[in-house]
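Asker: What follows is the file model.csv, containing CSV, C-alpha atoms:
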```
chain,number,residue,atom,x,y,z
T,1,MET,CA,-9.6,18.3,28.9
T,2,ASP,CA,-6.2,17.4,27.4
T,3,ILE,CA,-6.3,14.8,24.8
T,4,PRO,CA,-2.9,13.1,23.8
T,5,ALA,CA,-1.9,13.5,20.2
T,6,HIS,CA,-1.9,9.7,19.6
T,7,ALA,CA,-5.4,9.5,20.8
T,8,LEU,CA,-6.4,12.3,18.4
T,9,LEU,CA,-4.7,10.5,15.6
T,10,ASP,CA,-6.5,7.3,16.5
T,11,GLU,CA,-9.7,9.2,16.6
T,12,THR,CA,-9.1,10.6,13.2
T,13,THR,CA,-8.6,7.1,11.8
T,14,LEU,CA,-11.7,5.8,13.7
T,15,LEU,CA,-13.8,8.6,12.3
T,16,ARG,CA,-12.7,8.0,8.8
T,17,LYS,CA,-13.4,4.3,9.1
T,18,ALA,CA,-16.7,4.9,10.7
T,19,ARG,CA,-17.6,7.1,7.7
T,20,TRP,CA,-17.2,4.0,5.5
T,21,GLY,CA,-19.6,2.2,7.7
T,22,ASN,CA,-17.0,0.4,9.7
T,23,HIS,CA,-18.9,-1.0,12.7
T,24,ALA,CA,-15.9,-1.7,14.9
T,25,ALA,CA,-14.7,2.0,14.5
T,26,PHE,CA,-18.1,3.2,15.6
T,27,ALA,CA,-18.1,0.9,18.6
T,28,GLU,CA,-14.7,2.1,19.6
T,29,LEU,CA,-15.7,5.8,19.4
T,30,TYR,CA,-18.7,4.9,21.6
T,31,ARG,CA,-16.4,3.1,24.0
T,32,LEU,CA,-14.1,6.2,24.2
T,33,HIS,CA,-16.7,8.8,24.8
T,34,ALA,CA,-19.9,7.2,26.1
T,35,SER,CA,-19.0,7.6,29.8
T,36,ALA,CA,-18.2,11.3,29.4
T,37,ILE,CA,-21.3,12.0,27.4
T,38,HIS,CA,-23.6,10.0,29.8
T,39,THR,CA,-22.0,11.7,32.8
T,40,LEU,CA,-22.7,15.2,31.3
T,41,ALA,CA,-26.3,14.2,30.4
T,42,TYR,CA,-26.8,12.9,33.9
T,43,ARG,CA,-25.4,16.0,35.6
T,44,LEU,CA,-27.7,18.1,33.5
T,45,THR,CA,-30.9,16.1,34.0
T,46,SER,CA,-30.3,14.2,37.2
T,47,ASN,CA,-32.3,11.4,35.6
T,48,THR,CA,-30.9,8.1,34.5
T,49,ALA,CA,-33.5,7.4,31.8
T,50,ALA,CA,-33.2,10.9,30.4
T,51,ALA,CA,-29.4,10.7,30.4
T,52,GLU,CA,-29.5,7.4,28.5
T,53,ASP,CA,-31.9,8.8,26.0
T,54,ILE,CA,-29.6,11.8,25.5
T,55,THR,CA,-26.5,9.6,25.1
T,56,GLN,CA,-28.2,7.4,22.6
T,57,GLU,CA,-29.5,10.5,20.7
T,58,THR,CA,-26.0,12.0,20.7
T,59,PHE,CA,-24.3,9.0,19.2
T,60,LEU,CA,-27.1,8.5,16.6
T,61,LYS,CA,-26.6,12.1,15.6
T,62,MET,CA,-22.9,11.5,15.3
T,63,LEU,CA,-23.7,8.6,13.0
T,64,GLN,CA,-26.0,10.9,11.0
T,65,PHE,CA,-23.4,13.7,10.6
T,66,LEU,CA,-20.3,11.6,10.3
T,67,ASN,CA,-19.5,13.1,6.9
T,68,GLY,CA,-19.7,16.6,8.2
T,69,ILE,CA,-17.7,16.2,11.4
T,70,ARG,CA,-14.2,17.5,11.2
T,71,ASP,CA,-11.7,14.8,11.9
T,72,ASP,CA,-8.7,17.0,12.7
T,73,VAL,CA,-10.2,18.3,16.0
T,74,PRO,CA,-11.2,16.3,19.1
T,75,LEU,CA,-14.7,14.7,18.8
T,76,ARG,CA,-15.7,15.1,22.4
T,77,PRO,CA,-16.5,18.8,22.4
T,78,TRP,CA,-18.8,18.3,19.5
T,79,LEU,CA,-20.5,15.3,21.2
T,80,LYS,CA,-20.8,17.4,24.4
T,81,LYS,CA,-22.4,20.3,22.6
T,82,VAL,CA,-25.0,17.9,21.0
T,83,ALA,CA,-25.8,16.3,24.4
T,84,ALA,CA,-26.1,19.7,26.1
T,85,ASN,CA,-28.4,21.0,23.4
T,86,ALA,CA,-30.5,17.9,23.6
T,87,ALA,CA,-30.8,18.3,27.4
T,88,ILE,CA,-31.9,22.0,27.0
T,89,ASP,CA,-34.4,21.0,24.3
T,90,ARG,CA,-35.8,18.4,26.6
T,91,LEU,CA,-36.1,20.9,29.4
T,92,ARG,CA,-37.9,23.3,27.2
T,93,LYS,CA,-40.3,20.6,25.9
T,94,GLU,CA,-41.1,19.5,29.4
T,95,ARG,CA,-41.9,23.2,30.2
T,96,ARG,CA,-39.6,22.9,33.2
T,97,PHE,CA,-37.7,26.0,32.2
T,98,SER,CA,-38.5,29.0,34.4
T,99,ALA,CA,-37.2,32.5,33.6
T,100,SER,CA,-38.1,33.6,37.1
T,101,GLU,CA,-35.4,35.2,39.1
T,102,ASP,CA,-37.3,34.6,42.4
T,103,GLU,CA,-35.2,32.2,44.3
T,104,SER,CA,-38.2,30.6,46.0
T,105,GLU,CA,-39.3,29.6,42.5
T,106,TRP,CA,-36.1,28.4,41.0
T,107,ILE,CA,-35.1,26.1,43.8
T,108,ALA,CA,-37.0,22.8,43.7
T,109,PRO,CA,-39.2,22.3,46.7
T,110,GLY,CA,-38.4,19.8,49.4
T,111,PRO,CA,-36.5,20.0,52.7
T,112,ALA,CA,-32.8,19.4,52.7
T,113,GLN,CA,-32.2,16.0,54.1
T,114,ALA,CA,-29.1,14.8,55.8
T,115,GLN,CA,-28.1,12.4,53.0
T,116,GLU,CA,-28.5,15.2,50.4
T,117,VAL,CA,-25.5,17.1,51.5
T,118,GLU,CA,-23.2,15.6,48.9
T,119,MET,CA,-22.4,17.7,45.9
T,120,SER,CA,-24.5,15.6,43.5
T,121,HIS,CA,-27.5,16.0,45.8
T,122,MET,CA,-27.0,19.7,46.1
T,123,LEU,CA,-27.0,19.9,42.4
T,124,ARG,CA,-30.1,17.8,42.1
T,125,ARG,CA,-32.0,20.1,44.5
T,126,LEU,CA,-31.5,23.0,42.1
T,127,GLU,CA,-34.3,23.7,39.7
T,128,PRO,CA,-33.6,21.9,36.4
T,129,SER,CA,-32.9,24.9,34.2
T,130,VAL,CA,-30.7,26.5,36.9
T,131,ARG,CA,-28.7,23.2,37.2
T,132,VAL,CA,-28.1,23.2,33.5
T,133,VAL,CA,-27.0,26.8,33.4
T,134,VAL,CA,-24.7,26.4,36.3
T,135,TRP,CA,-23.1,23.2,35.1
T,136,LEU,CA,-22.6,24.4,31.5
T,137,HIS,CA,-21.1,27.6,32.7
T,138,GLU,CA,-18.9,26.3,35.5
T,139,MET,CA,-17.8,23.0,34.1
T,140,GLU,CA,-18.2,23.1,30.3
T,141,GLY,CA,-17.1,26.7,29.7
T,142,TRP,CA,-20.2,28.0,28.1
T,143,THR,CA,-20.3,31.8,28.2
T,144,HIS,CA,-23.2,33.8,29.7
T,145,ALA,CA,-24.0,35.1,26.3
T,146,GLU,CA,-24.2,31.6,24.8
T,147,LEU,CA,-26.4,30.4,27.7
T,148,GLY,CA,-28.7,33.5,27.5
T,149,THR,CA,-29.1,33.0,23.7
T,150,ARG,CA,-29.8,29.3,24.1
T,151,PHE,CA,-32.5,29.9,26.7
T,152,GLY,CA,-34.0,32.9,24.9
T,153,GLN,CA,-32.8,35.2,27.6
T,154,SER,CA,-30.0,37.8,28.1
T,155,ALA,CA,-26.5,37.2,29.2
T,156,SER,CA,-27.2,39.1,32.5
T,157,TRP,CA,-30.0,36.6,33.2
T,158,SER,CA,-27.5,33.7,33.0
T,159,LYS,CA,-25.1,35.7,35.1
T,160,SER,CA,-27.7,36.3,37.8
T,161,ILE,CA,-28.8,32.6,37.8
T,162,VAL,CA,-25.2,31.3,38.1
T,163,SER,CA,-24.2,33.8,40.8
T,164,ARG,CA,-27.2,33.0,43.0
T,165,ALA,CA,-26.9,29.3,42.5
T,166,LEU,CA,-23.2,29.3,43.3
T,167,GLU,CA,-23.9,31.3,46.4
T,168,ARG,CA,-26.4,28.7,47.5
T,169,LEU,CA,-24.1,25.8,46.7
T,170,ARG,CA,-21.2,27.5,48.6
T,171,ARG,CA,-23.5,28.0,51.6
T,172,GLU,CA,-24.6,24.4,51.6
T,173,LEU,CA,-21.0,23.2,51.2
T,174,HIS,CA,-19.9,25.4,54.1
T,175,GLU,CA,-22.8,24.1,56.3
T,176,GLU,CA,-21.8,20.5,55.3
T,177,ASN,CA,-18.2,21.2,56.3
T,178,GLN,CA,-19.2,22.6,59.6
T,179,HIS,CA,-21.5,19.7,60.2
T,180,GLU,CA,-18.6,17.3,59.5
T,181,HIS,CA,-16.3,19.1,61.9
T,182,ALA,CA,-18.8,19.4,64.7
N,1,MET,CA,-5.9,28.8,45.1
N,2,ASN,CA,-8.5,28.0,47.8
N,3,THR,CA,-11.2,30.5,47.5
N,4,PRO,CA,-14.8,29.4,48.1
N,5,ASP,CA,-15.3,29.5,44.3
N,6,ALA,CA,-12.3,27.4,43.6
N,7,ARG,CA,-13.3,24.9,46.3
N,8,LEU,CA,-16.7,24.6,44.9
N,9,LYS,CA,-15.4,24.1,41.4
N,10,ARG,CA,-13.1,21.4,42.7
N,11,HIS,CA,-16.0,19.7,44.3
N,12,LEU,CA,-18.0,19.8,41.2
N,13,GLY,CA,-15.1,18.6,39.1
N,14,SER,CA,-14.3,15.7,41.4
N,15,MET,CA,-17.7,14.2,41.2
N,16,PRO,CA,-17.3,10.6,39.9
N,17,PRO,CA,-18.2,9.7,36.3
N,18,VAL,CA,-21.6,8.1,35.7
N,19,PRO,CA,-21.1,5.4,33.1
N,20,PRO,CA,-24.1,4.4,31.0
N,21,ALA,CA,-25.9,1.1,31.6
N,22,THR,CA,-24.4,-1.8,29.8
N,23,ASP,CA,-27.6,-2.3,27.8
N,24,LEU,CA,-27.3,1.1,26.2
N,25,TRP,CA,-24.8,-0.1,23.5
N,26,PRO,CA,-27.1,-2.9,22.3
N,27,ARG,CA,-30.0,-0.4,22.2
N,28,LEU,CA,-27.9,2.0,20.2
N,29,GLU,CA,-26.8,-0.9,17.9
N,30,LEU,CA,-30.4,-1.8,17.3
N,31,ALA,CA,-31.2,1.8,16.4
N,32,ARG,CA,-28.2,2.0,14.2
N,33,ARG,CA,-29.2,-1.2,12.3
N,34,ARG,CA,-32.7,0.2,11.9
N,35,ARG,CA,-31.2,3.3,10.4
N,36,VAL,CA,-28.9,1.3,8.0
N,37,ARG,CA,-32.0,-0.7,6.9
N,38,ARG,CA,-33.9,2.5,6.2
N,39,LEU,CA,-30.9,3.8,4.3
N,40,LYS,CA,-30.7,0.6,2.2
N,41,LEU,CA,-34.4,0.9,1.4
N,42,SER,CA,-34.0,4.5,0.3
N,43,VAL,CA,-30.8,3.7,-1.7
N,44,GLY,CA,-32.8,0.9,-3.3
N,45,SER,CA,-35.6,3.3,-4.2
N,46,ALA,CA,-33.1,5.9,-5.5
N,47,ALA,CA,-31.4,3.2,-7.5
N,48,ALA,CA,-34.7,2.2,-9.2
N,49,LEU,CA,-35.4,5.9,-9.9
N,50,LEU,CA,-31.9,6.4,-11.3
N,51,LEU,CA,-32.4,3.3,-13.5
N,52,CYS,CA,-35.6,4.8,-14.9
N,53,VAL,CA,-33.8,8.2,-15.5
N,54,ALA,CA,-30.9,6.3,-17.2
N,55,LEU,CA,-33.2,4.3,-19.4
N,56,VAL,CA,-35.0,7.4,-20.9
N,57,PRO,CA,-32.0,8.8,-22.9
N,58,LEU,CA,-31.0,5.2,-23.8
N,59,LEU,CA,-34.4,4.5,-25.3
N,60,GLY,CA,-34.4,7.9,-27.0
N,61,ASP,CA,-31.0,7.0,-28.5
N,62,MET,CA,-32.3,3.7,-29.8
N,63,VAL,CA,-35.4,5.4,-31.4
N,64,ASP,CA,-33.2,8.1,-33.0
N,65,ARG,CA,-30.6,5.8,-34.3
N,66,PRO,CA,-32.4,4.7,-37.6
N,67,ALA,CA,-33.2,8.3,-38.4
N,68,ARG,CA,-29.6,9.3,-37.8
N,69,ALA,CA,-28.4,6.4,-39.9
N,70,SER,CA,-30.5,7.5,-42.9
N,71,LEU,CA,-29.3,11.1,-42.5
N,72,ALA,CA,-25.7,10.1,-42.4
N,73,ALA,CA,-26.2,8.4,-45.8
N,74,GLY,CA,-23.1,6.4,-46.0
N,75,ALA,CA,-20.9,8.4,-43.6
N,76,PRO,CA,-19.2,5.9,-41.4
N,77,GLU,CA,-19.7,6.0,-37.6
N,78,PRO,CA,-16.4,6.4,-35.7
N,79,ALA,CA,-15.0,2.9,-35.1
N,80,VAL,CA,-14.0,3.7,-31.5
N,81,ALA,CA,-16.2,5.9,-29.2
N,82,PRO,CA,-14.4,8.9,-27.8
N,83,LEU,CA,-13.1,8.6,-24.2
N,84,GLN,CA,-15.9,9.4,-21.8
N,85,VAL,CA,-15.5,12.1,-19.2
N,86,LEU,CA,-17.8,11.9,-16.2
N,87,ASP,CA,-19.4,15.1,-15.1
N,88,GLN,CA,-19.2,16.1,-11.4
N,89,ASP,CA,-22.8,15.1,-10.6
N,90,THR,CA,-22.3,11.6,-11.9
N,91,VAL,CA,-19.0,11.2,-10.1
N,92,GLU,CA,-20.8,12.3,-6.8
N,93,GLN,CA,-23.6,9.8,-7.5
N,94,ILE,CA,-21.1,7.0,-8.1
N,95,ARG,CA,-19.3,7.9,-4.9
N,96,ALA,CA,-22.5,7.9,-2.9
N,97,LEU,CA,-23.3,4.5,-4.3
N,98,ASP,CA,-19.8,3.2,-3.5
N,99,ARG,CA,-20.3,4.4,0.1
N,100,ALA,CA,-23.6,2.6,0.3
N,101,LEU,CA,-22.0,-0.5,-1.2
N,102,GLN,CA,-19.2,-0.4,1.3
N,103,ALA,CA,-21.6,0.0,4.2
N,104,ALA,CA,-23.8,-2.8,2.9
N,105,TYR,CA,-20.8,-5.1,2.5
N,106,ASP,CA,-19.7,-4.3,6.1
N,107,GLU,CA,-23.2,-5.1,7.3
N,108,GLY,CA,-23.0,-8.5,5.5
N,109,ALA,CA,-25.8,-7.6,3.1
N,110,SER,CA,-27.1,-10.4,0.8
N,111,ASP,CA,-26.6,-10.4,-3.0
N,112,ASP,CA,-30.3,-9.5,-3.4
N,113,GLU,CA,-29.9,-6.4,-1.2
N,114,LEU,CA,-26.7,-5.4,-3.1
N,115,GLU,CA,-28.0,-5.9,-6.6
N,116,PRO,CA,-30.1,-2.7,-6.8
N,117,ILE,CA,-27.1,-0.6,-5.8
N,118,TRP,CA,-24.8,-2.3,-8.3
N,119,LYS,CA,-27.5,-1.9,-11.0
N,120,ALA,CA,-27.8,1.8,-10.2
N,121,ARG,CA,-24.0,2.1,-10.4
N,122,ARG,CA,-23.9,0.4,-13.8
N,123,ALA,CA,-26.8,2.4,-15.0
N,124,LEU,CA,-24.9,5.7,-14.4
N,125,LEU,CA,-22.2,4.8,-17.0
N,126,PRO,CA,-24.3,4.1,-20.1
N,127,ARG,CA,-26.4,7.1,-19.2
N,128,GLN,CA,-23.3,9.2,-19.2
N,129,ALA,CA,-22.1,7.7,-22.4
N,130,SER,CA,-25.3,8.5,-24.2
N,131,ILE,CA,-25.1,12.1,-23.1
N,132,SER,CA,-21.5,12.8,-23.8
N,133,THR,CA,-21.0,10.9,-27.0
N,134,PRO,CA,-21.4,13.4,-29.9
N,135,ILE,CA,-24.2,12.6,-32.3
N,136,THR,CA,-22.9,12.5,-35.8
N,137,THR,CA,-25.3,13.9,-38.4
N,138,SER,CA,-25.0,14.9,-42.0
N,139,SER,CA,-25.5,18.5,-41.1
N,140,ASN,CA,-22.5,18.7,-38.7
N,141,LYS,CA,-20.3,16.6,-41.1
N,142,SER,CA,-20.5,19.1,-43.9
```
Now, as a test, write the supplied structure out as structure tokens.
Answerer:
Amino acid sequence: MDIPAHALLDETTLLRKARWGNHAAFAELYRLHASAIHTLAYRLTSNTAAAEDITQETFLKMLQFLNGIRDDVPLRPWLKKVAANAAIDRLRKERRFSASEDESEWIAPGPAQAQEVEMSHMLRRLEPSVRVVVWLHEMEGWTHAELGTRFGQSASWSKSIVSRALERLRRELHEENQHEHA
Amino acid sequence: MNTPDARLKRHLGSMPPVPPATDLWPRLELARRRRVRRLKLSVGSAAALLLCVALVPLLGDMVDRPARASLAAGAPEPAVAPLQVLDQDTVEQIRALDRALQAAYDEGASDDELEPIWKARRALLPRQASISTPITTSSNKS
């Protein structure tokens, strides 16, 4: 994401003020980034309550580490990393993470319904850990090596998960397009 | 570029943002205030501890003073104490207290809440003075 220079300058000032306990600066940083962080958390969890918890946790962590956060680089990547890690930790705590490569196991059960053809619904039908791996790789630029490490697996495990999930999403998208044109 | 992969990525990227519920900010604010309260409490405790630590050398200095006076046997004490140089540790502690004071003022803390922090800050200076002021004895005068 491109961030204009003036926004970065403003963010630097806001971060510095927030470090001194300036409440308005913290509120402004929240206003600037809350939507992006909540959206990411929601894409990873497909659960509103979990997304809100992760967003709250992310901003509280920002508050906690204000003195250690660099103010000469954009804040959002740092916030996104924190939110993504929180989502992965949550997955692992809930034991919903499956290392299985059997497609019948890593796709959540339930028949595809007509209203679930939209992209968000396609994503929601993916098994939670698969959805996280796919989204972080495709949309957030995480490498297979990073994903493998974070999940305690290998890079080729991540590669395989992404490849098969994309294949499935492509197929569903194609079917949806055909359905629309019919 | 219109490969299936690119199309898919475009679809993923074009999904609308999902803004948080409006009550998330008040919840976050509440959590932040709780954290500031906890911080104040711990700063207060740290201040009390610092005060105790600061008092020990001061008391020691008061106890030693008559003995030093008799040893000095007429040798006059310097009229003006040498300029104090703060060590890095003390400077860091003062800075931390300054930050806590700043945060407390921004939060609209009461005088009662601020006093322990100020007390801790004041305590750091006499402590430093007692440590860095050279003790004049007859043995090092000769």
Asker: Any idea what's packed within 9 Å of range 14-18 of chain N, counting only C-alpha atoms, ignoring anything in its chain fewer than 2 positions away? Could you give it as a PDB file with C-alpha atoms, in the frame of the given file?
Answerer:
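Generated output (out39.pdb):
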```
ATOM      1  CA  SER T  35     -19.000   7.600  29.800  1.00  0.00           C
ATOM      2  CA  ALA T  36     -18.200  11.300  29.400  1.00  0.00           C
ATOM      3  CA  HIS T  38     -23.600  10.000  29.800  1.00  0.00           C
ATOM      4  CA  THR T  39     -22.000  11.700  32.800  1.00  0.00           C
ATOM      5  CA  LEU T  40     -22.700  15.200  31.300  1.00  0.00           C
ATOM      6  CA  TYR T  42     -26.800  12.900  33.900  1.00  0.00           C
ATOM      7  CA  ARG T  43     -25.400  16.000  35.600  1.00  0.00           C
ATOM      8  CA  MET T 119     -22.400  17.700  45.900  1.00  0.00           C
ATOM      9  CA  SER T 120     -24.500  15.600  43.500  1.00  0.00           C
TER      10      SER T 120
ATOM     11  CA  LYS N   9     -15.400  24.100  41.400  1.00  0.00           C
ATOM     12  CA  ARG N  10     -13.100  21.400  42.700  1.00  0.00           C
ATOM     13  CA  HIS N  11     -16.000  19.700  44.300  1.00  0.00           C
ATOM     14  CA  LEU N  12     -18.000  19.800  41.200  1.00  0.00           C
ATOM     15  CA  PRO N  20     -24.100   4.400  31.000  1.00  0.00           C
TER      16      PRO N  20
END
```
Asker: Using all atoms listed in the file, find which residues of chain N lie within 9 Å of chain T and jot them down as a list of chain:residue names.
Answerer: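 Written out as asked, the residues are N:Pro4, N:Asp5, N:Arg7, N:Leu8, N:Lys9, N:His11, N:Leu12, N:Gly13, N:Met15, N:Pro16, N:Pro17, N:Val18, N:Pro19, N:Pro20, N:Ala21, N:Leu24, N:Trp25, N:Arg27, N:Leu28, N:Glu29, N:Ala31, N:Arg32, N:Arg99, N:Ala100, N:Gln102, N:Ala103, N:Ala104, N:Asp106, N:Glu107.
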Asker: Which value, in Å to one decimal, gives the distance between CA of Val132 in chain T and CA of Ala84 in chain T?
Answerer: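 Between these atoms lies a distance of 8.4 Å.
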Asker: Select, from T:Glu11, T:Asp89, T:Glu172, T:Glu127, the residue with the minimum atom-to-atom distance to Ile69 in chain T, counting all atoms listed in the file.
Answerer: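 Using all atoms listed in the file, Ile69 in chain T sits closest to T:Glu11.
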Asker: What gap, in Å, lies between CA of Ala120 in chain N and CA of Ala47 in chain N?
Answerer: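 Computing it gives 4.7 Å between the two atoms.
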Asker: Separation of CA of Leu136 in chain T and CA of Leu75 in chain T, in Å?
Answerer: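 That distance, rounded to one decimal, is 17.8 Å.
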Asker: Which residue, T:Leu126, T:Val162, T:Met62, T:Ile54, has the smallest gap to Thr143 in chain T when you use only C-alpha atoms?
Answerer: T:Val162
Asker: Can you tell me which residues surround Arg122 in chain N at a distance of at most 10 Å, considering all atoms listed in the file, apart from same-chain residues fewer than 6 positions away, and format the answer as a ChimeraX atom specification?
Answerer: /N:51,54,94,116
Asker: Between T:Leu91, T:Ala155, T:Val134, T:Leu147, which has the minimum distance to Asn47 in chain T (counting all atoms listed in the file)?
Answerer: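 Under the stated criterion, the closest residue is T:Leu91.
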